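Since the structure comes first, as structure tokens, the remarks are kept for the end.
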Amino acid sequence: MCVSTMTNDGGLRNVFQSADLVYNQLLVLDSQKKNHERNNPTSVGTAYNAGDKRKPSRSLSELSSMSLLKTPKINLSQHSSETLRRTVAPLIHSMGQLDAAALLSLNPNQDGNGAVLDGKEGLYVPPIHDRIVPHQRFHRSRNIVRYLHAREVADKYTVGIFIFPPGASIPLHDHPSMVVISRILYGELKVKSYNVVSNVHDDDVEEMKDDTKCEASPSRLRSSFNRIKNFVSRTVLSSLHDEHMATQHKLLVQENKSPMGVQFSSDEEGKSSAIISAPNVTALYPDEGNCHSFVAGPNGAAVLDVLLPPYAEDEHRDCTFYEAVENEHGYCLTPIDQPSDFDCLSGEYGRFKSCDRY
């Protein structure tokens with residue numbers, strides 16, 4: 001743990017405790033599902049979704065032999081969003097109870113200055129993007145988001161805070177076989193969210209691959225989101241190219257029209273935008289809202305994320321960036337390089353300190 005929770009932490013320790021409990025419940029849920037499939041082999045599905053898009057389905061005999069060699073890993077993609085939603089409800093509640101001002105050591109005001117803390121209460125706080133150390137100069141040509149690490153429990157969950165300067169963004173990316181709960185601590189974000197289409201037939205997948213509008217140019221695997229504790233700016237060597245991308249697939253998705261905690265508004269031209277503001281909580285699941293992007297509002301934003309389980313490339317939970325192209329099925333997401341103007345730099349602020357071990 002790289003954060004002090006000895007003083008008033010706004011309820012962060014409660015979030016850690018809820019994450020521990022919820023993960024244990026997810027593990028039980030996962031074990032029950034695996035036992036059911038082992039006892040009922042014909043019930044094993046072959047749905048194509050965000051959790052299994054990078055590896056072929058394995059037979060029960062293969063799974064059984066693998067379990068003898070290593071500890072079984074959690075696979076949330078085999079559960080429905082509704083089942084997962086019920087399971088993680090205590091964590092969503094704990095995150096909704098967070099006192100963001102106390103957590104970030106900020107003094108709220110009611111004069112409308114700064115980023116929104118609670119619109120209903122008319123509370124605002126000064127954004128902290130320029131108070132993260134080491135300091136970074138922000139240029140319009142560079143899209144820099146800062147990251148404050150809070151906690152990681154290996155193979156279970158990661159907790160951290162993304163700090164967005166005004167107008168900063170995180171490009172479209174995915175969270176394979178994961179549940180992510182996000183609490184907006186201050187500010188607002190424009191959201192684009194996509195549901196991964198389940199039960200895609202083989203011929204539909206082939207049609208996606210053959211669709212010239214979705215044809216991908218060669219691109220190398222990006223792992224900037226590989227593990228959030230190492231979520232720092234990096235340059236990927238060009239030699240890391242086709243070996244991993246060859247195993248990746250385009251995704252057939254549909255726009256998530258009702259993401260949790262999001263409100264829709266229209267501009268003067270009638271174009272609708274999905275906006276999530278503090279103090280709302282949102283969540284994504286393996287096939288619901290699993291691919292998303294964010295753009296911060298004029299006063300920036302801070303978002304506390306809990307990832308269950310964490311990114312782990314060796315467990316096929318690596319992060320991929322995408323380009324969305326609309327087609328007759330909905331949208332085709334094509335894997336791309338990490339956008340060259342995007343960086344996420346770890347830092348320190350207040351109770352959040354850098355550390356080498358978690």
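Quick note on naming: the chains in the structure tokens go A, B, ... in the order shown, residues restart at 1 in each chain, and ligands are numbered from 1 in order of appearance.
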- Item | Every residue of range 72-218 of chain A that DSSP places in alpha helix (DSSP H), as a count of residues only | 29
- CA of Val262 in chain A sits from CA of Pro279 in chain A at a separation of 11.1 Å
- Might you pull out every residue within 7 Å of range 304-309 of chain A, with only C-alpha atoms counted and same-chain residues fewer than 3 positions away left off, and present them as a PyMOL selection string? chain A and resi 155-162+178-185
Next, write the just-selected residues to a file, as an mmCIF file, in the first residue's frame, keeping N, CA and C atoms as the atom set.
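Writing the result to again22.cif gives the following:
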```
data_model
loop_
_atom_site.group_PDB
_atom_site.id
_atom_site.type_symbol
_atom_site.label_atom_id
_atom_site.label_comp_id
_atom_site.auth_asym_id
_atom_site.auth_seq_id
_atom_site.Cartn_x
_atom_site.Cartn_y
_atom_site.Cartn_z
ATOM 1 N N ASP A 155 -2.907 -10.068 -8.187
ATOM 2 C CA ASP A 155 -3.881 -10.971 -8.829
ATOM 3 C C ASP A 155 -5.305 -10.783 -8.328
ATOM 4 N N LYS A 156 -5.530 -9.784 -7.474
ATOM 5 C CA LYS A 156 -6.878 -9.558 -6.945
ATOM 6 C C LYS A 156 -7.457 -8.228 -7.414
ATOM 7 N N TYR A 157 -6.840 -7.122 -7.034
ATOM 8 C CA TYR A 157 -7.373 -5.824 -7.450
ATOM 9 C C TYR A 157 -6.309 -4.736 -7.346
ATOM 10 N N THR A 158 -6.568 -3.647 -8.043
ATOM 11 C CA THR A 158 -5.729 -2.460 -8.014
ATOM 12 C C THR A 158 -6.614 -1.256 -7.740
ATOM 13 N N VAL A 159 -6.112 -0.317 -6.929
ATOM 14 C CA VAL A 159 -6.824 0.923 -6.631
ATOM 15 C C VAL A 159 -5.893 2.096 -6.937
ATOM 16 N N GLY A 160 -6.389 3.060 -7.669
ATOM 17 C CA GLY A 160 -5.590 4.240 -7.978
ATOM 18 C C GLY A 160 -6.463 5.368 -8.487
ATOM 19 N N ILE A 161 -5.861 6.548 -8.614
ATOM 20 C CA ILE A 161 -6.605 7.741 -9.029
ATOM 21 C C ILE A 161 -5.972 8.330 -10.284
ATOM 22 N N PHE A 162 -6.780 8.549 -11.306
ATOM 23 C CA PHE A 162 -6.356 9.245 -12.509
ATOM 24 C C PHE A 162 -6.699 10.724 -12.355
ATOM 25 N N MET A 178 -12.554 -8.248 -16.887
ATOM 26 C CA MET A 178 -12.413 -7.456 -15.676
ATOM 27 C C MET A 178 -13.699 -6.713 -15.339
ATOM 28 N N VAL A 179 -13.813 -6.378 -14.066
ATOM 29 C CA VAL A 179 -14.820 -5.431 -13.587
ATOM 30 C C VAL A 179 -14.064 -4.200 -13.101
ATOM 31 N N VAL A 180 -14.516 -3.029 -13.507
ATOM 32 C CA VAL A 180 -13.889 -1.780 -13.078
ATOM 33 C C VAL A 180 -14.965 -0.871 -12.498
ATOM 34 N N ILE A 181 -14.742 -0.441 -11.263
ATOM 35 C CA ILE A 181 -15.646 0.508 -10.606
ATOM 36 C C ILE A 181 -14.927 1.854 -10.530
ATOM 37 N N SER A 182 -15.590 2.912 -10.956
ATOM 38 C CA SER A 182 -14.982 4.241 -11.005
ATOM 39 C C SER A 182 -15.825 5.252 -10.253
ATOM 40 N N ARG A 183 -15.196 6.014 -9.390
ATOM 41 C CA ARG A 183 -15.864 7.108 -8.678
ATOM 42 C C ARG A 183 -15.252 8.426 -9.138
ATOM 43 N N ILE A 184 -16.087 9.322 -9.634
ATOM 44 C CA ILE A 184 -15.612 10.640 -10.025
ATOM 45 C C ILE A 184 -15.455 11.461 -8.746
ATOM 46 N N LEU A 185 -14.227 11.822 -8.428
ATOM 47 C CA LEU A 185 -13.948 12.563 -7.185
ATOM 48 C C LEU A 185 -14.243 14.041 -7.349
#
```
- Which residue of A:Glu188, A:Ser105, A:Asp314, A:Gln17 approaches Asp118 in chain A most closely, using only C-alpha atoms: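 Between A:Glu188, A:Ser105, A:Asp314, A:Gln17, the residue approaching Asp118 in chain A most closely is A:Glu188.
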